[in-house]
file query.cif (mmCIF, C-alpha atoms)
data_protein
loop_
_atom_site.label_atom_id
_atom_site.label_comp_id
_atom_site.auth_asym_id
_atom_site.auth_seq_id
_atom_site.Cartn_x
_atom_site.Cartn_y
_atom_site.Cartn_z
CA MET A 5 -8.54 -25.34 -24.54
CA ILE A 6 -10.15 -22.46 -26.36
CA HIS A 7 -9.02 -18.83 -25.97
CA PRO A 8 -10.43 -17.38 -22.72
CA ASP A 9 -11.89 -14.31 -24.46
CA THR A 10 -14.74 -16.34 -25.98
CA ARG A 11 -18.33 -17.11 -25.12
CA LEU A 12 -21.00 -19.54 -26.30
CA ILE A 13 -24.07 -17.94 -27.86
CA THR A 14 -27.20 -19.26 -29.54
CA ILE A 15 -27.11 -18.41 -33.24
CA ASP A 16 -30.51 -19.70 -34.42
CA GLY A 17 -32.62 -22.83 -34.57
CA VAL A 18 -30.78 -24.24 -37.59
CA VAL A 19 -27.15 -23.49 -36.77
CA GLY A 20 -27.57 -23.96 -33.03
CA SER A 21 -24.76 -22.49 -30.94
CA GLY A 22 -21.57 -20.73 -31.87
CA VAL A 23 -18.51 -19.21 -30.23
CA ILE A 24 -17.91 -15.44 -30.33
CA ALA A 25 -15.01 -13.26 -29.25
CA THR A 26 -15.63 -11.19 -26.12
CA ARG A 27 -12.53 -9.07 -26.85
CA ARG A 28 -10.64 -8.36 -30.02
CA ILE A 29 -8.35 -11.30 -30.91
CA PRO A 30 -5.55 -10.18 -33.26
CA ARG A 31 -4.14 -12.24 -36.11
CA GLY A 32 -1.49 -14.67 -34.92
CA THR A 33 -3.19 -15.32 -31.56
CA ILE A 34 -3.40 -18.97 -30.57
CA THR A 35 -7.17 -19.52 -30.34
CA TRP A 36 -7.19 -23.21 -29.36
CA VAL A 37 -4.72 -25.87 -28.24
CA MET A 38 -5.49 -29.53 -27.72
CA ASP A 39 -5.01 -30.28 -24.02
CA ASP A 40 -5.06 -33.20 -21.63
CA LEU A 41 -8.83 -32.95 -21.11
CA ASP A 42 -9.65 -33.18 -24.80
CA ARG A 43 -10.22 -36.75 -25.88
CA THR A 44 -8.64 -38.48 -28.83
CA PHE A 45 -9.90 -41.71 -30.37
CA ASN A 46 -7.99 -43.82 -32.87
CA GLY A 47 -9.73 -46.05 -35.39
CA ALA A 48 -9.98 -49.05 -33.07
CA GLN A 49 -11.34 -46.92 -30.24
CA MET A 50 -13.89 -45.39 -32.59
CA ASN A 51 -15.03 -48.80 -33.77
CA ALA A 52 -15.48 -49.92 -30.17
CA LEU A 53 -18.07 -47.22 -29.54
CA PRO A 54 -21.75 -48.26 -29.72
CA ALA A 55 -23.49 -47.52 -33.04
CA SER A 56 -25.61 -44.96 -31.18
CA TYR A 57 -22.50 -42.75 -31.11
CA ASP A 58 -22.27 -42.26 -34.90
CA ASP A 59 -24.27 -39.02 -34.85
CA LEU A 60 -22.35 -37.71 -31.84
CA ILE A 61 -19.07 -38.38 -33.61
CA ASP A 62 -20.19 -36.49 -36.72
CA ARG A 63 -21.52 -33.62 -34.67
CA TRP A 64 -18.90 -33.13 -31.97
CA THR A 65 -15.55 -34.50 -33.12
CA PHE A 66 -13.14 -33.60 -35.88
CA HIS A 67 -10.54 -35.65 -37.68
CA ASP A 68 -6.92 -34.51 -37.68
CA GLY A 69 -6.00 -36.32 -40.92
CA ARG A 70 -3.53 -38.49 -39.01
CA GLY A 71 -5.87 -41.15 -37.69
CA TRP A 72 -7.22 -39.36 -34.63
CA ARG A 73 -10.73 -38.13 -33.89
CA VAL A 74 -10.60 -35.23 -31.42
CA LEU A 75 -13.40 -34.34 -28.97
CA CYS A 76 -13.00 -30.95 -27.31
CA TRP A 77 -14.15 -30.75 -23.71
CA ASP A 78 -14.89 -27.02 -23.87
CA LEU A 79 -16.35 -24.48 -26.30
CA GLY A 80 -13.95 -25.59 -29.02
CA ARG A 81 -16.48 -28.17 -30.17
CA TYR A 82 -19.07 -25.44 -30.86
CA MET A 83 -16.98 -23.60 -33.45
CA ASN A 84 -18.96 -23.30 -36.66
CA HIS A 85 -17.92 -23.60 -40.27
CA SER A 86 -17.26 -20.65 -42.55
CA CYS A 87 -16.09 -20.73 -46.15
CA GLU A 88 -13.90 -17.74 -45.14
CA PRO A 89 -12.74 -18.91 -41.71
CA ASN A 90 -10.84 -16.77 -39.21
CA CYS A 91 -9.15 -19.70 -37.46
CA GLY A 92 -7.13 -22.59 -38.80
CA GLY A 93 -4.60 -25.25 -37.89
CA SER A 94 -6.62 -27.91 -36.07
CA GLU A 95 -4.80 -30.68 -37.95
CA PHE A 96 -1.69 -29.58 -36.04
CA TRP A 97 -3.57 -29.81 -32.69
CA PHE A 98 -3.63 -26.03 -32.23
CA GLU A 99 -5.36 -23.15 -33.97
CA VAL A 100 -4.33 -19.60 -34.76
CA ALA A 101 -6.35 -16.52 -35.72
CA LEU A 102 -5.90 -16.12 -39.48
CA ARG A 103 -7.00 -12.48 -39.32
CA ASP A 104 -8.12 -10.05 -36.63
CA ILE A 105 -11.31 -11.24 -34.95
CA GLU A 106 -13.54 -8.42 -33.71
CA VAL A 107 -15.67 -8.38 -30.54
CA GLY A 108 -18.91 -10.28 -31.18
CA GLU A 109 -17.56 -12.02 -34.27
CA GLN A 110 -17.82 -15.79 -34.42
CA LEU A 111 -14.67 -17.90 -34.35
CA THR A 112 -14.88 -20.20 -37.36
CA ASN A 113 -13.08 -23.01 -39.13
CA ASP A 114 -13.38 -24.19 -42.69
CA TYR A 115 -14.67 -27.69 -41.98
CA ALA A 116 -13.00 -28.83 -45.20
CA THR A 117 -9.76 -28.59 -43.18
CA LEU A 118 -11.20 -31.04 -40.62
CA TYR A 119 -11.15 -34.07 -42.91
CA MET A 120 -14.94 -34.48 -42.78
CA ARG A 121 -16.58 -37.78 -43.52
CA PRO A 122 -19.06 -37.68 -46.42
CA SER A 123 -21.85 -38.08 -43.83
CA GLU A 124 -20.77 -34.83 -42.21
CA GLY A 125 -21.52 -32.62 -45.23
CA PHE A 126 -24.22 -29.95 -44.99
CA ASP A 127 -25.68 -26.96 -46.84
CA CYS A 128 -23.68 -23.90 -45.90
CA ARG A 129 -25.27 -20.60 -44.97
CA CYS A 130 -22.13 -18.88 -43.74
CA GLY A 131 -22.83 -15.77 -45.81
CA ALA A 132 -19.24 -15.30 -46.91
CA PRO A 133 -18.86 -13.76 -50.40
CA THR A 134 -17.03 -16.90 -51.53
CA CYS A 135 -19.45 -19.32 -49.81
CA ARG A 136 -19.30 -22.68 -51.58
CA GLY A 137 -22.98 -23.37 -50.79
CA ALA A 138 -22.23 -26.80 -49.39
CA ALA A 139 -19.63 -27.81 -46.84
CA SER A 140 -18.20 -31.08 -48.08
CA HIS A 141 -15.19 -33.25 -47.46
CA THR A 142 -13.58 -32.33 -50.77
CA ALA A 143 -12.45 -28.74 -51.16
CA PRO A 144 -8.68 -28.95 -51.63
CA HIS A 145 -8.29 -25.35 -52.79
CA ALA A 146 -10.11 -24.07 -49.72
CA VAL A 147 -7.72 -26.11 -47.60
CA ALA A 148 -4.74 -24.69 -49.47
CA THR A 149 -6.02 -21.15 -48.87
CA VAL A 150 -6.26 -21.77 -45.13
CA CYS A 151 -2.75 -23.23 -45.16
CA ALA A 152 -1.37 -20.11 -46.87
CA GLN A 153 -3.13 -17.83 -44.37
CA LEU A 154 -1.95 -19.97 -41.50
CA ARG A 155 1.65 -19.77 -42.65
CA HIS A 156 1.51 -15.96 -42.53
CA ALA A 157 -0.37 -15.94 -39.20
CA LEU A 158 2.30 -18.13 -37.59
CA ASP A 159 4.87 -15.44 -38.39
CA GLU A 160 3.00 -13.17 -35.96
CA LEU A 161 2.90 -15.59 -33.01
CA GLY A 162 5.52 -13.57 -31.16
CA LEU A 163 3.87 -10.22 -31.77
CA VAL A 164 0.61 -10.68 -29.84
CA VAL A 165 -0.59 -11.63 -26.34
CA GLN A 166 -0.84 -15.44 -26.05
CA PRO A 167 -2.90 -16.68 -23.07
CA LEU A 168 -2.65 -20.26 -24.36
CA SER A 169 1.08 -20.35 -25.11
CA GLY A 170 1.76 -22.51 -22.05
CA LEU A 171 -0.26 -25.34 -23.59
CA LEU A 172 1.40 -25.28 -27.03
CA ARG A 173 4.08 -27.93 -27.41
CA PRO A 174 7.14 -26.81 -29.40
CA ASP A 175 7.10 -29.97 -31.52
CA TRP A 176 3.50 -29.28 -32.60
CA LEU A 177 4.48 -25.79 -33.72
CA GLY A 178 7.56 -27.17 -35.47
CA ARG A 179 5.49 -29.72 -37.31
CA ALA A 180 3.06 -27.05 -38.49
CA GLN A 181 5.85 -24.78 -39.72
CA GLU A 182 7.51 -27.67 -41.53
CA THR A 183 4.30 -28.85 -43.19
CA LEU A 184 3.24 -25.34 -44.18
CA SER A 185 6.53 -24.73 -45.98
CA LEU A 186 5.34 -27.21 -48.62
CA THR A 187 4.16 -25.62 -51.84
CA LEU A 188 0.42 -25.21 -52.22
CA ASP A 189 0.34 -27.90 -54.91
CA GLN A 190 1.96 -30.34 -52.50
CA VAL A 191 -0.60 -29.46 -49.82
CA VAL A 192 -3.46 -30.02 -52.27
CA ASP A 193 -2.00 -33.40 -53.22
CA THR A 194 -1.43 -34.43 -49.60
CA ASN A 195 -4.93 -33.44 -48.61
CA ALA A 196 -6.53 -35.21 -51.55
CA ALA A 197 -4.62 -38.36 -50.63
CA ALA A 198 -5.78 -38.15 -47.00
CA ALA A 199 -9.41 -37.70 -48.08
CA GLU A 200 -9.38 -40.95 -50.07
CA MET B 48 -24.45 -37.33 -20.86
CA ILE B 49 -27.14 -34.96 -19.72
CA HIS B 50 -30.80 -35.46 -20.68
CA PRO B 51 -31.60 -33.93 -24.11
CA SER B 52 -34.57 -31.97 -22.68
CA SER B 53 -32.26 -29.65 -20.80
CA GLU B 54 -30.23 -26.52 -21.40
CA LEU B 55 -27.35 -24.65 -19.81
CA ARG B 56 -28.17 -21.31 -18.20
CA PHE B 57 -26.05 -18.75 -16.42
CA ILE B 58 -27.49 -18.29 -12.92
CA SER B 59 -25.32 -15.70 -11.16
CA PRO B 60 -21.65 -14.82 -10.66
CA GLU B 61 -21.74 -16.64 -7.30
CA VAL B 62 -23.38 -19.87 -8.50
CA GLY B 63 -22.16 -19.82 -12.11
CA TYR B 64 -24.00 -22.06 -14.54
CA GLY B 65 -26.78 -24.56 -14.00
CA VAL B 66 -28.75 -27.07 -16.07
CA PHE B 67 -32.50 -26.55 -16.53
CA ALA B 68 -35.29 -28.75 -17.87
CA THR B 69 -36.83 -27.56 -21.14
CA GLU B 70 -39.72 -30.05 -20.99
CA HIS B 71 -41.59 -32.08 -18.42
CA ILE B 72 -39.42 -35.01 -17.29
CA PRO B 73 -41.15 -37.75 -15.27
CA ARG B 74 -39.83 -39.45 -12.15
CA GLY B 75 -37.79 -42.55 -12.99
CA THR B 76 -36.12 -40.92 -16.02
CA PHE B 77 -32.33 -41.06 -16.19
CA LEU B 78 -31.29 -37.39 -16.16
CA TRP B 79 -27.65 -38.25 -16.71
CA VAL B 80 -25.68 -41.35 -17.61
CA LEU B 81 -21.96 -41.97 -17.59
CA ASP B 82 -21.00 -42.27 -21.25
CA HIS B 83 -18.05 -43.20 -23.44
CA PHE B 84 -17.07 -39.57 -24.08
CA ASP B 85 -16.71 -38.70 -20.40
CA ARG B 86 -13.08 -38.46 -19.38
CA ILE B 87 -11.91 -40.73 -16.56
CA LEU B 88 -8.70 -39.70 -14.81
CA THR B 89 -6.71 -41.43 -12.11
CA ALA B 90 -5.73 -39.36 -9.06
CA GLY B 91 -2.18 -39.34 -10.43
CA GLU B 92 -3.35 -37.96 -13.76
CA VAL B 93 -5.32 -35.22 -11.99
CA GLY B 94 -2.24 -34.31 -9.95
CA ALA B 95 -0.12 -34.06 -13.10
CA LEU B 96 -2.46 -31.72 -15.00
CA GLN B 97 -1.29 -28.25 -15.98
CA PRO B 98 -2.61 -25.63 -13.51
CA MET B 99 -5.20 -24.21 -15.96
CA LEU B 100 -6.69 -27.67 -16.44
CA ARG B 101 -6.34 -28.68 -12.81
CA THR B 102 -8.54 -25.73 -11.82
CA VAL B 103 -11.23 -26.96 -14.20
CA VAL B 104 -11.07 -30.54 -12.94
CA ASP B 105 -11.09 -29.48 -9.27
CA LYS B 106 -14.27 -27.56 -9.91
CA TYR B 107 -16.17 -29.87 -12.27
CA ALA B 108 -15.01 -33.47 -11.80
CA TYR B 109 -16.23 -35.90 -9.15
CA GLN B 110 -14.56 -38.90 -7.59
CA ALA B 111 -16.28 -42.17 -8.43
CA ALA B 112 -16.48 -45.19 -6.16
CA ASP B 113 -13.42 -46.79 -7.82
CA GLY B 114 -11.29 -43.77 -6.84
CA ASN B 115 -11.00 -42.37 -10.35
CA PHE B 116 -12.17 -38.89 -11.25
CA VAL B 117 -14.93 -38.38 -13.81
CA PHE B 118 -14.91 -35.24 -15.93
CA CYS B 119 -18.11 -34.97 -17.98
CA TRP B 120 -17.55 -33.85 -21.55
CA ASP B 121 -20.94 -32.13 -21.85
CA PHE B 122 -23.19 -29.86 -19.76
CA GLY B 123 -23.61 -32.65 -17.21
CA ARG B 124 -20.64 -31.19 -15.37
CA TYR B 125 -22.63 -28.01 -14.66
CA MET B 126 -25.32 -29.77 -12.60
CA ASN B 127 -25.50 -28.08 -9.23
CA HIS B 128 -26.04 -29.63 -5.84
CA SER B 129 -29.27 -29.39 -3.89
CA CYS B 130 -30.07 -30.90 -0.51
CA GLU B 131 -33.43 -31.76 -2.08
CA PRO B 132 -32.21 -32.71 -5.56
CA THR B 133 -34.21 -33.66 -8.61
CA SER B 134 -32.12 -36.82 -9.08
CA ARG B 135 -29.88 -39.20 -7.18
CA GLY B 136 -27.10 -41.50 -8.29
CA VAL B 137 -27.91 -45.17 -8.91
CA GLY B 138 -24.98 -47.49 -9.44
CA ASP B 139 -21.96 -45.97 -11.16
CA ALA B 140 -23.61 -44.84 -14.38
CA PHE B 141 -27.07 -43.39 -13.66
CA GLU B 142 -28.73 -40.33 -12.16
CA VAL B 143 -32.44 -41.09 -11.79
CA ALA B 144 -35.13 -38.40 -11.39
CA ILE B 145 -36.65 -38.90 -7.94
CA ARG B 146 -39.63 -36.67 -8.69
CA ASP B 147 -41.44 -35.20 -11.69
CA ILE B 148 -39.59 -32.19 -13.07
CA ALA B 149 -41.39 -29.19 -14.60
CA PRO B 150 -40.11 -27.24 -17.62
CA GLY B 151 -37.78 -24.48 -16.38
CA GLU B 152 -36.87 -26.30 -13.18
CA GLU B 153 -33.17 -26.70 -12.42
CA LEU B 154 -31.79 -30.23 -12.58
CA THR B 155 -29.86 -30.83 -9.38
CA CYS B 156 -28.03 -33.75 -7.84
CA GLU B 157 -26.47 -34.75 -4.52
CA TYR B 158 -22.80 -33.88 -4.11
CA GLY B 159 -22.75 -35.83 -0.84
CA THR B 160 -22.13 -39.01 -2.85
CA LEU B 161 -19.42 -37.53 -5.10
CA ASN B 162 -16.51 -37.90 -2.63
CA LEU B 163 -15.77 -34.17 -2.37
CA CYS B 164 -12.10 -33.49 -1.67
CA GLU B 165 -13.06 -30.54 0.54
CA PRO B 166 -16.34 -29.70 2.34
CA MET B 167 -18.61 -27.34 0.40
CA THR B 168 -20.84 -24.60 1.83
CA CYS B 169 -24.35 -25.02 0.44
CA TYR B 170 -26.74 -22.21 -0.48
CA CYS B 171 -29.41 -24.38 -2.10
CA GLY B 172 -32.18 -22.86 0.01
CA ALA B 173 -34.01 -26.16 0.52
CA PRO B 174 -35.97 -26.32 3.81
CA HIS B 175 -33.67 -29.08 5.08
CA CYS B 176 -30.42 -27.70 3.61
CA ARG B 177 -27.47 -29.30 5.41
CA GLY B 178 -25.43 -26.08 5.21
CA ILE B 179 -22.15 -27.88 4.61
CA ILE B 180 -21.80 -30.82 2.22
CA ARG B 181 -19.22 -33.36 3.30
CA ARG B 182 -17.51 -36.36 1.83
CA ASP B 183 -19.10 -38.71 4.37
CA ASP B 184 -22.69 -37.40 4.27
CA SER B 185 -23.95 -40.69 2.84
CA GLU B 186 -23.03 -42.38 6.12
CA ARG B 187 -25.66 -40.26 7.88
CA HIS B 188 -28.31 -40.00 5.19
CA PHE B 189 -28.15 -43.21 3.16
CA GLU B 190 -31.44 -44.64 4.41
CA LEU B 191 -33.58 -41.80 3.06
CA TRP B 192 -31.47 -41.50 -0.11
CA ASP B 193 -31.62 -45.23 -0.86
CA GLN B 194 -35.37 -45.29 -0.30
CA GLN B 195 -35.82 -42.43 -2.78
CA THR B 196 -33.59 -44.00 -5.42
CA SER B 197 -35.17 -47.46 -5.09
CA SER B 198 -38.71 -46.21 -5.53
CA ALA B 199 -37.72 -43.94 -8.45
CA PHE B 200 -35.68 -46.67 -10.16
CA ALA B 201 -38.68 -49.01 -9.93
CA LEU B 202 -40.43 -46.64 -12.35
CA SER B 203 -37.52 -46.49 -14.79
CA HIS B 204 -38.96 -49.07 -17.21
CA THR B 205 -42.26 -47.16 -17.43
CA VAL B 206 -40.81 -43.92 -18.85
CA ALA B 207 -38.84 -42.89 -21.94
CA GLN B 208 -35.07 -43.30 -21.47
CA PRO B 209 -33.35 -41.38 -24.27
CA LEU B 210 -29.94 -41.69 -22.60
CA LEU B 211 -29.86 -45.46 -22.20
CA PRO B 212 -28.22 -46.19 -25.62
CA TYR B 213 -25.27 -44.02 -24.60
CA ALA B 214 -24.60 -45.39 -21.12
CA ARG B 215 -21.23 -46.81 -20.22
CA LEU B 216 -22.26 -49.62 -17.90
CA GLY B 217 -20.00 -51.03 -15.21
CA ALA B 218 -20.29 -54.26 -13.26
CA ARG B 219 -22.77 -52.72 -10.83
CA ASP B 220 -24.83 -51.15 -13.61
CA LEU B 221 -25.41 -54.11 -15.93
CA PRO B 222 -27.82 -55.93 -13.58
CA LEU B 223 -29.69 -52.67 -13.08
CA ALA B 224 -30.02 -52.09 -16.83
CA GLU B 225 -31.11 -55.68 -17.43
CA ALA B 226 -33.72 -55.58 -14.67
CA MET B 227 -34.99 -52.27 -15.97
CA GLN B 228 -35.36 -53.49 -19.54
CA ALA B 229 -37.12 -56.64 -18.34
CA GLY B 230 -39.44 -54.57 -16.18
CA ARG B 231 -38.26 -56.44 -13.08
CA ALA B 232 -37.58 -54.94 -9.66
CA ALA B 233 -33.88 -54.38 -9.08
CA SER B 234 -31.89 -54.30 -5.89
CA VAL B 235 -30.33 -50.85 -5.99
CA PRO B 236 -26.86 -50.55 -4.42
CA SER B 237 -26.74 -48.34 -1.34
CA SER B 238 -25.36 -44.82 -1.75
CA ARG B 239 -23.12 -45.69 1.19
CA ASP B 240 -21.24 -48.16 -1.02
CA PHE B 241 -19.92 -45.29 -3.14
CA HIS B 242 -18.20 -43.45 -0.31
CA ILE B 243 -14.40 -43.49 -0.23
CA ALA B 244 -13.14 -42.66 3.27
CA GLU B 245 -10.18 -40.47 2.35
CA ALA B 246 -9.26 -38.14 -0.51
CA PRO B 247 -6.22 -39.36 -2.49
CA ALA B 248 -2.97 -38.41 -0.74
CA GLU B 249 -1.46 -36.69 -3.80
CA LEU B 250 -4.49 -34.44 -4.17
CA ARG B 251 -4.59 -33.53 -0.47
CA VAL B 252 -0.98 -32.36 -0.76
CA ALA B 253 -1.87 -30.30 -3.82
CA ALA B 254 -4.81 -28.73 -1.99
CA GLY B 255 -2.46 -27.67 0.82
CA HIS B 256 -0.15 -26.00 -1.68
CA ARG B 257 -3.05 -24.07 -3.14
CA ALA B 258 -4.18 -22.87 0.28
CA ARG B 259 -0.78 -21.29 0.91
#
call {"tool": "encode", "arguments": {"input": "query.cif", "output": "structure tokens"}}
result
Amino acid sequence: MIHPDTRLITIDGVVGSGVIATRRIPRGTITWVMDDLDRTFNGAQMNALPASYDDLIDRWTFHDGRGWRVLCWDLGRYMNHSCEPNCGGSEFWFEVALRDIEVGEQLTNDYATLYMRPSEGFDCRCGAPTCRGAASHTAPHAVATVCAQLRHALDELGLVVQPLSGLLRPDWLGRAQETLSLTLDQVVDTNAAAAE
Amino acid sequence: MIHPSSELRFISPEVGYGVFATEHIPRGTFLWVLDHFDRILTAGEVGALQPMLRTVVDKYAYQAADGNFVFCWDFGRYMNHSCEPTSRGVGDAFEVAIRDIAPGEELTCEYGTLNLCEPMTCYCGAPHCRGIIRRDDSERHFELWDQQTSSAFALSHTVAQPLLPYARLGARDLPLAEAMQAGRAASVPSSRDFHIAEAPAELRVAAGHRAR
């Protein structure tokens, strides 16, 4: 479930829709948690889907790097990519604000952290100063940057209002903290291995 | 999955959201199909949901003929009821347009076949609005409803069906899909056959708790 202080808006004809904050969301706020209405598909379940679903899978689901495709039932699936994202952590089944998100600002992920398939790549127009120009499945340093920001954001979990805290399972948080304590080089290596 | 020529619009604080046609959609078109992304929950699973999620399911899911609850993953779950709807349910997997739909018109369906756990007050404004929508309405109205669905379904092979490749077809739907693709007439199951007499016991108990 996505943070309640969000709304779906139309961005433009190319990008389509996006999710914006309707109130300020401070760094360290849990912005999304996988819940019992989100759907997860393992490899066998994915293969059982009709071929007509390939485009839907690319468009609406993300990969968690551990064998699961996740389909959000709510606005979570409309979150757009940014090369300087303000949310991260989806591979741990929850997301946290990496910096303060202002009213009207889009909630974004770096799709490189979502273990994209090659077919999911696209030209990026996010407008960030460090925009890579193309969102692709290989950007290990971008992933490492998000991991570093996430590690700091997790330190602030207890300092901010958390409407979604009831959905966050302690073992998911523990796993994130454990994984993020790896050195950045280890994260880069792990991610590169998962992408292959 | 809701028809691609549609969009979600906010109607009012009282009604909430609704789904509207963005192009002309002819009678016989499937406006919605049950698909493989829709979430199917048993009554027990609904009863075990966390309160935040239970509220969502109570509002947006419907109970199918097999007793399970269907929670649509896309905007299909925002289709409102009308006593003179644009589509009616056919089998377990289809909503078929029972009249031509103009761009900008709201896509509506019939909640009287969705096994409502509690009666719903209706403000649809149709000339023959029933006022209150009940779980057993199909017992009183099935003849008209079945006649409308049969004649609309007979046109289904003559119009574009963008949703058909995504449909999750059950035992009652396969013969319908085959007949449609062959351009044959199909015997459409009666809307009465989808009525379940009683709401699941565990959910009735939960509703009582909420009322207090």
call {"tool": "resolve_selection", "arguments": {"input": "query.cif", "expression": "the PyMOL selection byres ((chain A) within 10 of (chain B))", "output": "list in words"}}
result
Met5, Asp39, Asp40, Leu41, Asp42, Arg43, Thr44, Phe45, Ala52, Leu53, Pro54, Ala55, Ser56, Tyr57, Leu60, Ile61, Leu75, Cys76, Trp77, Asp78, Leu79, Leu168, Gly170 and Leu171 of chain A
call {"tool": "residues_around", "arguments": {"input": "query.cif", "residues": "Met126 of chain B", "least_positions_apart": "3", "cutoff": "6 Å", "atoms": "only C-alpha atoms", "output": "VMD selection string"}}
result
chain B and resid 65 to 66 123 155
call {"tool": "atom_distance", "arguments": {"input": "query.cif", "atom1": "atom CA of Gly125 of chain A", "atom2": "atom CA of Asn84 of chain A"}}
result
12.9 Å
call {"tool": "closest_residue", "arguments": {"input": "query.cif", "among": "A:His156, A:Arg27, A:Arg121, A:Arg103", "to": "Arg11 of chain A", "atoms": "only C-alpha atoms"}}
result
A:Arg27
call {"tool": "resolve_selection", "arguments": {"input": "query.cif", "expression": "the PyMOL selection byres ((chain B and resi 137-148) around 9)", "output": "ChimeraX atom specification"}}
result
/B:68,70-82,111-112,132-136,149-154,156,193,195-200,203,214-220,223,235-238,241
call {"tool": "closest_residue", "arguments": {"input": "query.cif", "among": "B:Leu191, B:Ala229, B:Gly63, B:Leu221", "to": "Thr205 of chain B", "atoms": "all atoms listed in the file"}}
result
B:Ala229
call {"tool": "build_atoms", "arguments": {"input": "query.cif", "residues": "segment 73-85 of chain B", "atoms": "N, CA, C and O atoms", "output": "PDB file, in the frame of the given file"}}
result
ATOM      1  N   PRO B  73     -40.512 -37.009 -16.373  1.00  0.00           N
ATOM      2  CA  PRO B  73     -41.150 -37.750 -15.270  1.00  0.00           C
ATOM      3  C   PRO B  73     -40.141 -38.459 -14.356  1.00  0.00           C
ATOM      4  O   PRO B  73     -39.021 -38.782 -14.764  1.00  0.00           O
ATOM      5  N   ARG B  74     -40.576 -38.665 -13.137  1.00  0.00           N
ATOM      6  CA  ARG B  74     -39.830 -39.450 -12.150  1.00  0.00           C
ATOM      7  C   ARG B  74     -39.450 -40.803 -12.746  1.00  0.00           C
ATOM      8  O   ARG B  74     -40.239 -41.396 -13.487  1.00  0.00           O
ATOM      9  N   GLY B  75     -38.261 -41.271 -12.441  1.00  0.00           N
ATOM     10  CA  GLY B  75     -37.790 -42.550 -12.990  1.00  0.00           C
ATOM     11  C   GLY B  75     -36.927 -42.386 -14.236  1.00  0.00           C
ATOM     12  O   GLY B  75     -36.262 -43.325 -14.657  1.00  0.00           O
ATOM     13  N   THR B  76     -36.938 -41.172 -14.829  1.00  0.00           N
ATOM     14  CA  THR B  76     -36.120 -40.920 -16.020  1.00  0.00           C
ATOM     15  C   THR B  76     -34.650 -40.768 -15.616  1.00  0.00           C
ATOM     16  O   THR B  76     -34.347 -40.152 -14.597  1.00  0.00           O
ATOM     17  N   PHE B  77     -33.754 -41.312 -16.432  1.00  0.00           N
ATOM     18  CA  PHE B  77     -32.330 -41.060 -16.190  1.00  0.00           C
ATOM     19  C   PHE B  77     -32.007 -39.658 -16.707  1.00  0.00           C
ATOM     20  O   PHE B  77     -32.128 -39.380 -17.899  1.00  0.00           O
ATOM     21  N   LEU B  78     -31.617 -38.777 -15.779  1.00  0.00           N
ATOM     22  CA  LEU B  78     -31.290 -37.390 -16.160  1.00  0.00           C
ATOM     23  C   LEU B  78     -29.877 -37.281 -16.668  1.00  0.00           C
ATOM     24  O   LEU B  78     -29.509 -36.333 -17.350  1.00  0.00           O
ATOM     25  N   TRP B  79     -29.058 -38.241 -16.282  1.00  0.00           N
ATOM     26  CA  TRP B  79     -27.650 -38.250 -16.710  1.00  0.00           C
ATOM     27  C   TRP B  79     -27.196 -39.699 -16.694  1.00  0.00           C
ATOM     28  O   TRP B  79     -27.653 -40.491 -15.855  1.00  0.00           O
ATOM     29  N   VAL B  80     -26.358 -40.047 -17.664  1.00  0.00           N
ATOM     30  CA  VAL B  80     -25.680 -41.350 -17.610  1.00  0.00           C
ATOM     31  C   VAL B  80     -24.189 -41.115 -17.859  1.00  0.00           C
ATOM     32  O   VAL B  80     -23.800 -40.184 -18.575  1.00  0.00           O
ATOM     33  N   LEU B  81     -23.381 -41.938 -17.253  1.00  0.00           N
ATOM     34  CA  LEU B  81     -21.960 -41.970 -17.590  1.00  0.00           C
ATOM     35  C   LEU B  81     -21.854 -42.493 -19.017  1.00  0.00           C
ATOM     36  O   LEU B  81     -22.507 -43.479 -19.366  1.00  0.00           O
ATOM     37  N   ASP B  82     -21.066 -41.814 -19.865  1.00  0.00           N
ATOM     38  CA  ASP B  82     -21.000 -42.270 -21.250  1.00  0.00           C
ATOM     39  C   ASP B  82     -19.543 -42.454 -21.697  1.00  0.00           C
ATOM     40  O   ASP B  82     -18.615 -42.213 -20.927  1.00  0.00           O
ATOM     41  N   HIS B  83     -19.382 -42.860 -22.943  1.00  0.00           N
ATOM     42  CA  HIS B  83     -18.050 -43.200 -23.440  1.00  0.00           C
ATOM     43  C   HIS B  83     -17.230 -41.970 -23.827  1.00  0.00           C
ATOM     44  O   HIS B  83     -16.062 -42.106 -24.166  1.00  0.00           O
ATOM     45  N   PHE B  84     -17.824 -40.807 -23.824  1.00  0.00           N
ATOM     46  CA  PHE B  84     -17.070 -39.570 -24.080  1.00  0.00           C
ATOM     47  C   PHE B  84     -16.565 -38.923 -22.792  1.00  0.00           C
ATOM     48  O   PHE B  84     -15.676 -38.081 -22.842  1.00  0.00           O
ATOM     49  N   ASP B  85     -17.168 -39.276 -21.663  1.00  0.00           N
ATOM     50  CA  ASP B  85     -16.710 -38.700 -20.400  1.00  0.00           C
ATOM     51  C   ASP B  85     -15.267 -39.120 -20.150  1.00  0.00           C
ATOM     52  O   ASP B  85     -14.874 -40.255 -20.459  1.00  0.00           O
TER      53      ASP B  85
END
